[in-house]
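Working notes for the structure below.
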Amino acid sequence: MSTYAALIADHDPMHFAIGAPGRPWMSYGALRDQAGYVASALHGFGIGRGDRVAIVLPNGPEMASAFVCVAQAAVTAPLNPGYKQDEYAFYLDDLKARALIVMEGYDGPALAAALGLGISVIRVVVGPEHPAGGFVLTQDGDALQGADIAAPTSGDVALILHTSGTTSRPKIVPLLQSNVVASARHIEASLALSAEDRCMNVMPLFHIHGLIAAVSATLASGGQVWCAPGFDALKFFTWMGEAAPTWYTAVPTMHQAILSRAPRNADTIAAHPLRFLRSSSASLPPQVFKALEEAFSAPVIEGYGMTEAAHQMASNPLPPRAQKPGSVGVEAGPQVRIAHETEPRLIDGVGEIVISGPNVTPGYENNDKANAENFFEAGGQRWFRTGDQGQFDAESYLSLTGRLKEIINRGGEKISPLEIDEMLMDHPDVAQVVSFAVPHPKLGEEVGAAIVLKEGKTTEAELKAFAKTRVAEFKIPRHIIIMDEIPKGATGKMQRIGMAEKLGLVKL
C-alpha cells in the first residue's frame with residue numbers, strides 16, 4: 001500500500017531512525033510508536049483523516065518527526081518559521097487549516113494569525129526522557145468535533161505546499177500519499193540508499209527538498225537521518241564529526257559556504273568519508289561541482305526537482321555512470337520529455353520540460369485555469385509542464401537551457417514577483433512597481449524592484465525597511481530602483497524578463 005505508514009512499517013525496530021546533536025537516537029520501533037501516539041492524540045483533539053494541520057516548528061528532529069507522524073493520520077502543511085503574521089494569515093486561511101502545531105511556549109506571529117482565524121493550536125512538548133524526534137502533544141482550549149479516525153489511504157492527500165505564481169496568487173499543491181511514497185522510492189533507488197546510509201540533514205523542513213529527499217527517502221531505505229537545527233556553515237564540520245554521515249543534500253549556496261571552510265576541516269572529511277554529496281533546488285555551477293568533488297573525494301549528484309513532482313524528476317547517476325557538471329542528469333522516477341512550449345505535443349530538441357509519473361500532483365487545488373495551462377494529454381498520458389526549457393544530449397542527460405517562468409529563484413527559495421509587487425504597492429508613497437530577478441553569482445538570482453513614486457520622498461532604505469515588516473527576509477528586494485517611468489514592452493506591458501539588463505543591474 002502506497003502510504004507513509006507503509007513506507008516505514010517493515011524496518012528493524014531496533015535500528016536507528018532519527019538523530020540530532022547531543023540527543024539519543026530514536027529507533028524505528030520508537031518512531032512507529034510515536035506515530036501511533038500522534039494519531040491517537042490528534043483524534044482526541046478532533047483532528048483526523050483529511051484535516052489539514054499546519055506545522056510551524058524550528059528545524060530539527062521534532063519537525064522531522066512531526067511531519068512523518070502527522071502524515072500518517074491527517075494532512076501535513078509545513079510553513080516557513082520566518083513568515084510574518086500577514087503571511088501566516090494568508091497561508092492558514094488559504095489552506096483551510098484545521099489546526100496549527102507549534103512548540104511549547106511559542107508566542108510568535110503564527111500563533112497570532114491562527115488565533116485571529118479561530119484555528120485550533122496544538123503544542124509540542126519535549127521532555128528530558130525523549131529521544132530525538134520524541135514529544136507529547138497538548139491542545140490549547142477545547143477539542144474539536146467530528147474527526148475521521150480512519151487511516152489515510154494512498155489516494156488521500158499527505159502533504160500540502162504552496163508554490164509561487166507570477167500572474168496570480170500562490171497555488172496550492174496537494175501531494176497524495178502515493179505521490180510522496182513514489183518520490184521517496186525514486187530517490188532511494190537513484191541514490192542506492194540502504195539501511196547502512198546516514199543522511200545529515202541541513203535543509204529546511206518546510207521545503208519539499210528536505211522533507212522528501214533527506215527525510216522520506218532515508219526512512220524509506222531503513223537508514224538514519226540526523227537532523228541539524230538548520231544550516232550553519234560554521235558548525236557544519238562539527239556536526240559532520242558527530243553525525244558521521246554517508247551523505248548530505250543541500251542547495252548550491254549551502255555547498256559554496258561549506259566549501260569555503262573545507263580546507264581547514266580536511267581531517268574531519270577524511271575521518272568521515274562520504275559516499276556522495278547531493279545538490280538540488282537550483283543550478284549548481286560547474287566550478288562548484290568540481291570543487292566539491294575535489295574537497296570531499298566523492299561524487300557530486302546533482303538533481304532536478306520541484307514541488308509539483310514531490311521533488312525529484314531527474315538526477316545525475318551514481319558511479320560508474322558519469323556525473324556531468326552543468327547537467328541535471330537522467331530521468332529518475334517520472335518520465336521526462338520535451339514538449340512544444342505552446343502546443344500540447346512532445347517534440348525532439350529544445351523545448352519545455354514536461355513530466356508524467358506516480359509522484360506528480362493530480363493538479364492544483366481550486367485552480368482550473370492553472371491546471372489547464374500546466375497539464376495536457378499526449379500519447380495517452382497526462383503531462384505536467386515544468387515551466388523550464390531544456391534539452392537532452394545523446395546520452396539522455398538533461399540540461400536546462402532557460403526559464404519560461406518569471407519566478408525568482410533565490411538560492412532555492414522561490415519568490416513570486418507578484419507578491420512583492422503587491423506588498424510594495426501597500427506603501428503609501430508607491431505608485432507603480434515591477435519586481436524581477438537580478439542575477440547573483442552565488443544565489444543564482446535575487447529580488448529587484450523598479451518603483452515609481454507618488455509625490456513622496458521615500459528612499460530605497462525606507463522601502464527596504466517597510467518590506468522587512470511585511471515579508472520574510474529572503475523576499476526583501478536587494479535592488480530597489482526609483483524611477484520616473486518604468487520601461488515597457490511594445491504592447492505597453494511592464495516586462496519582468498530582461499528588466500535587470502535594461503536597468504544596468506547585470507554586468508554584460
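Note on naming: chains are A, B, ... as they come in the C-alpha cells, residues start from 1 per chain, ligands start from 1 in the order shown.
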
What lies within 12 Å of Pro428 (chain A) using only C-alpha atoms, ignoring chain neighbours under 2 positions off, as a PyMOL selection string?
chain A and resi 423-426+430-432+452-458+462-463+466

Could you take the residues named above and write them with N, CA, C and O atoms, as a compact mmCIF listing (two decimals), in the first residue's frame?
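Result saved to out.txt:
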```txt
# COMPACT_ATOMS: atom_id res chain seq x y z
N MET A 423 3.00 43.73 -2.19
CA MET A 423 3.48 44.18 -0.89
C MET A 423 4.00 45.62 -0.97
O MET A 423 3.65 46.48 -0.13
N LEU A 424 4.80 45.94 -1.98
CA LEU A 424 5.36 47.28 -2.10
C LEU A 424 4.28 48.31 -2.46
O LEU A 424 4.37 49.48 -2.06
N MET A 425 3.27 47.87 -3.19
CA MET A 425 2.19 48.79 -3.54
C MET A 425 1.37 49.22 -2.32
O MET A 425 0.65 50.21 -2.36
N ASP A 426 1.51 48.49 -1.22
CA ASP A 426 0.84 48.87 0.02
C ASP A 426 1.49 50.09 0.67
O ASP A 426 0.90 50.71 1.56
N VAL A 430 4.11 54.65 -2.96
CA VAL A 430 4.43 53.90 -4.19
C VAL A 430 3.25 53.97 -5.16
O VAL A 430 2.12 53.61 -4.81
N ALA A 431 3.56 54.40 -6.38
CA ALA A 431 2.53 54.49 -7.42
C ALA A 431 2.56 53.29 -8.35
O ALA A 431 1.51 52.85 -8.83
N GLN A 432 3.72 52.78 -8.62
CA GLN A 432 3.86 51.71 -9.61
C GLN A 432 5.10 50.88 -9.24
O GLN A 432 6.10 51.42 -8.77
N VAL A 452 8.01 53.54 -9.21
CA VAL A 452 7.65 54.92 -9.48
C VAL A 452 6.89 55.44 -8.26
O VAL A 452 5.92 54.80 -7.82
N LEU A 453 7.37 56.55 -7.70
CA LEU A 453 6.73 57.10 -6.51
C LEU A 453 5.61 58.07 -6.86
O LEU A 453 5.52 58.57 -7.98
N LYS A 454 4.76 58.29 -5.87
CA LYS A 454 3.77 59.37 -5.99
C LYS A 454 4.54 60.67 -5.76
O LYS A 454 5.58 60.87 -6.36
N GLU A 455 4.08 61.52 -4.93
CA GLU A 455 4.81 62.77 -4.71
C GLU A 455 5.68 62.73 -3.46
O GLU A 455 6.28 63.72 -3.08
N GLY A 456 5.72 61.58 -2.83
CA GLY A 456 6.52 61.45 -1.62
C GLY A 456 8.01 61.41 -1.90
O GLY A 456 8.44 61.35 -3.05
N LYS A 457 8.81 61.40 -0.85
CA LYS A 457 10.26 61.38 -0.99
C LYS A 457 10.86 60.14 -0.32
O LYS A 457 11.93 60.19 0.27
N THR A 458 10.14 59.05 -0.42
CA THR A 458 10.60 57.80 0.17
C THR A 458 11.91 57.36 -0.46
O THR A 458 12.11 57.49 -1.67
N GLU A 462 14.21 53.24 3.12
CA GLU A 462 12.90 53.22 3.78
C GLU A 462 12.00 52.14 3.19
O GLU A 462 11.24 51.48 3.91
N LEU A 463 12.07 51.94 1.87
CA LEU A 463 11.27 50.90 1.24
C LEU A 463 11.72 49.51 1.69
O LEU A 463 10.89 48.62 1.91
N PHE A 466 10.40 48.96 5.10
CA PHE A 466 8.96 48.64 5.01
C PHE A 466 8.77 47.18 4.64
O PHE A 466 7.97 46.46 5.25
```

Could you list, as an NGL selection string, every residue within 8 Å of region 362-368 of chain A, counting only C-alpha atoms and ignoring same-chain residues fewer than 4 positions away?
:A and (171-175 or 372)

Surrounding residues of His162 (chain A) excluding itself and chain neighbours under 4 positions, 12 Å, only C-alpha atoms, as an mmCIF file with N, CA, C and O atoms, in the first residue's frame:
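File written: around_4.cif
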```cif
data_model
loop_
_atom_site.group_PDB
_atom_site.id
_atom_site.type_symbol
_atom_site.label_atom_id
_atom_site.label_comp_id
_atom_site.auth_asym_id
_atom_site.auth_seq_id
_atom_site.Cartn_x
_atom_site.Cartn_y
_atom_site.Cartn_z
ATOM 1 N N ALA A 77 0.930 20.356 6.536
ATOM 2 C CA ALA A 77 1.139 21.609 5.797
ATOM 3 C C ALA A 77 2.239 22.400 6.498
ATOM 4 O O ALA A 77 1.963 23.337 7.240
ATOM 5 N N PRO A 78 3.514 22.026 6.268
ATOM 6 C CA PRO A 78 4.609 22.748 6.906
ATOM 7 C C PRO A 78 4.714 24.180 6.371
ATOM 8 O O PRO A 78 4.566 24.411 5.167
ATOM 9 N N LEU A 79 4.965 25.127 7.265
ATOM 10 C CA LEU A 79 5.113 26.524 6.883
ATOM 11 C C LEU A 79 6.443 27.077 7.386
ATOM 12 O O LEU A 79 6.968 26.643 8.416
ATOM 13 N N ASN A 80 6.970 28.040 6.663
ATOM 14 C CA ASN A 80 8.259 28.659 6.968
ATOM 15 C C ASN A 80 8.198 29.398 8.304
ATOM 16 O O ASN A 80 7.392 30.316 8.469
ATOM 17 N N GLU A 87 1.584 36.948 6.392
ATOM 18 C CA GLU A 87 1.836 35.786 5.536
ATOM 19 C C GLU A 87 1.204 34.537 6.135
ATOM 20 O O GLU A 87 0.567 33.749 5.429
ATOM 21 N N PHE A 90 -2.513 34.590 5.565
ATOM 22 C CA PHE A 90 -2.883 34.207 4.202
ATOM 23 C C PHE A 90 -2.801 32.700 4.025
ATOM 24 O O PHE A 90 -3.761 32.063 3.546
ATOM 25 N N TYR A 91 -1.663 32.106 4.390
ATOM 26 C CA TYR A 91 -1.466 30.683 4.129
ATOM 27 C C TYR A 91 -2.408 29.810 4.951
ATOM 28 O O TYR A 91 -2.964 28.832 4.446
ATOM 29 N N LEU A 92 -2.604 30.140 6.221
ATOM 30 C CA LEU A 92 -3.501 29.345 7.058
ATOM 31 C C LEU A 92 -4.929 29.396 6.534
ATOM 32 O O LEU A 92 -5.641 28.382 6.516
ATOM 33 N N ASP A 94 -5.811 30.180 3.360
ATOM 34 C CA ASP A 94 -5.851 29.572 2.032
ATOM 35 C C ASP A 94 -5.840 28.052 2.119
ATOM 36 O O ASP A 94 -6.497 27.360 1.333
ATOM 37 N N LEU A 95 -5.100 27.530 3.080
ATOM 38 C CA LEU A 95 -5.013 26.076 3.268
ATOM 39 C C LEU A 95 -6.275 25.485 3.902
ATOM 40 O O LEU A 95 -6.450 24.271 3.878
ATOM 41 N N ARG A 169 -2.127 34.551 -7.370
ATOM 42 C CA ARG A 169 -1.741 34.233 -6.003
ATOM 43 C C ARG A 169 -1.019 32.886 -5.978
ATOM 44 O O ARG A 169 -1.139 32.084 -6.902
ATOM 45 N N PRO A 170 -0.239 32.610 -4.926
ATOM 46 C CA PRO A 170 0.435 31.315 -4.842
ATOM 47 C C PRO A 170 -0.560 30.168 -4.994
ATOM 48 O O PRO A 170 -1.684 30.228 -4.498
ATOM 49 N N LYS A 171 -0.132 29.118 -5.675
ATOM 50 C CA LYS A 171 -1.010 27.981 -5.962
ATOM 51 C C LYS A 171 -0.834 26.897 -4.897
ATOM 52 O O LYS A 171 0.271 26.666 -4.405
ATOM 53 N N ILE A 172 -1.936 26.238 -4.562
ATOM 54 C CA ILE A 172 -1.902 25.140 -3.597
ATOM 55 C C ILE A 172 -1.580 23.847 -4.343
ATOM 56 O O ILE A 172 -2.267 23.479 -5.295
ATOM 57 N N VAL A 173 -0.528 23.153 -3.875
ATOM 58 C CA VAL A 173 -0.120 21.882 -4.477
ATOM 59 C C VAL A 173 -0.423 20.758 -3.486
ATOM 60 O O VAL A 173 0.284 20.594 -2.496
ATOM 61 N N PRO A 174 -1.472 19.978 -3.733
ATOM 62 C CA PRO A 174 -1.726 18.812 -2.892
ATOM 63 C C PRO A 174 -0.933 17.616 -3.407
ATOM 64 O O PRO A 174 -0.954 17.304 -4.602
ATOM 65 N N LEU A 175 -0.222 16.959 -2.528
ATOM 66 C CA LEU A 175 0.535 15.752 -2.872
ATOM 67 C C LEU A 175 -0.075 14.573 -2.136
ATOM 68 O O LEU A 175 -0.184 14.582 -0.899
ATOM 69 N N PHE A 206 10.436 22.806 5.924
ATOM 70 C CA PHE A 206 9.156 23.297 5.409
ATOM 71 C C PHE A 206 9.204 23.288 3.880
ATOM 72 O O PHE A 206 8.308 23.791 3.220
ATOM 73 N N HIS A 207 10.257 22.704 3.325
ATOM 74 C CA HIS A 207 10.545 22.731 1.892
ATOM 75 C C HIS A 207 10.553 21.293 1.369
ATOM 76 O O HIS A 207 10.998 20.376 2.050
ATOM 77 N N ILE A 208 10.078 21.103 0.134
ATOM 78 C CA ILE A 208 9.948 19.768 -0.437
ATOM 79 C C ILE A 208 11.273 19.015 -0.488
ATOM 80 O O ILE A 208 11.322 17.802 -0.298
ATOM 81 N N MET A 306 10.963 19.734 -8.205
ATOM 82 C CA MET A 306 10.037 20.825 -7.954
ATOM 83 C C MET A 306 8.880 20.304 -7.104
ATOM 84 O O MET A 306 8.663 19.089 -7.000
ATOM 85 N N THR A 307 8.171 21.223 -6.493
ATOM 86 C CA THR A 307 7.108 20.852 -5.569
ATOM 87 C C THR A 307 6.065 19.963 -6.233
ATOM 88 O O THR A 307 5.618 18.966 -5.658
ATOM 89 N N GLU A 308 5.650 20.322 -7.455
ATOM 90 C CA GLU A 308 4.577 19.593 -8.122
ATOM 91 C C GLU A 308 4.947 18.145 -8.420
ATOM 92 O O GLU A 308 4.066 17.322 -8.685
ATOM 93 N N TYR A 364 -3.413 21.389 -9.279
ATOM 94 C CA TYR A 364 -3.544 22.461 -8.298
ATOM 95 C C TYR A 364 -4.964 22.479 -7.724
ATOM 96 O O TYR A 364 -5.931 22.185 -8.418
ATOM 97 N N GLU A 365 -5.061 22.858 -6.482
ATOM 98 C CA GLU A 365 -6.363 22.861 -5.817
ATOM 99 C C GLU A 365 -7.159 24.112 -6.189
ATOM 100 O O GLU A 365 -6.640 25.235 -6.124
ATOM 101 N N LYS A 414 11.862 29.967 -3.854
ATOM 102 C CA LYS A 414 11.098 30.506 -4.973
ATOM 103 C C LYS A 414 10.217 31.670 -4.502
ATOM 104 O O LYS A 414 9.500 31.545 -3.508
ATOM 105 N N ILE A 415 10.301 32.779 -5.222
ATOM 106 C CA ILE A 415 9.606 34.004 -4.818
ATOM 107 C C ILE A 415 8.728 34.484 -5.964
ATOM 108 O O ILE A 415 9.181 34.589 -7.112
ATOM 109 N N SER A 416 7.490 34.799 -5.664
ATOM 110 C CA SER A 416 6.560 35.319 -6.661
ATOM 111 C C SER A 416 6.765 36.817 -6.829
ATOM 112 O O SER A 416 6.598 37.577 -5.865
#
```

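Counting from CA of His255 (chain A), the distance to CA of Gly448 (chain A) is 24.4 Å.
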
With a distance cut-off of 7 Å and only C-alpha atoms, select the neighbouring residues of Arg385 (chain A), excluding the residue or stretch itself and same-chain residues fewer than 6 positions from it, and output the selection as a PyMOL selection string.
chain A and resi 352-355+374-375

Minimum-distance residue to Tyr248 (chain A), chosen among A:Gln224, A:Ser315, A:Asn201, A:Ser216 (using only C-alpha atoms):
A:Asn201

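As for CA of Tyr304 (chain A) and CA of Val328 (chain A), they are spaced 5.6 Å apart.
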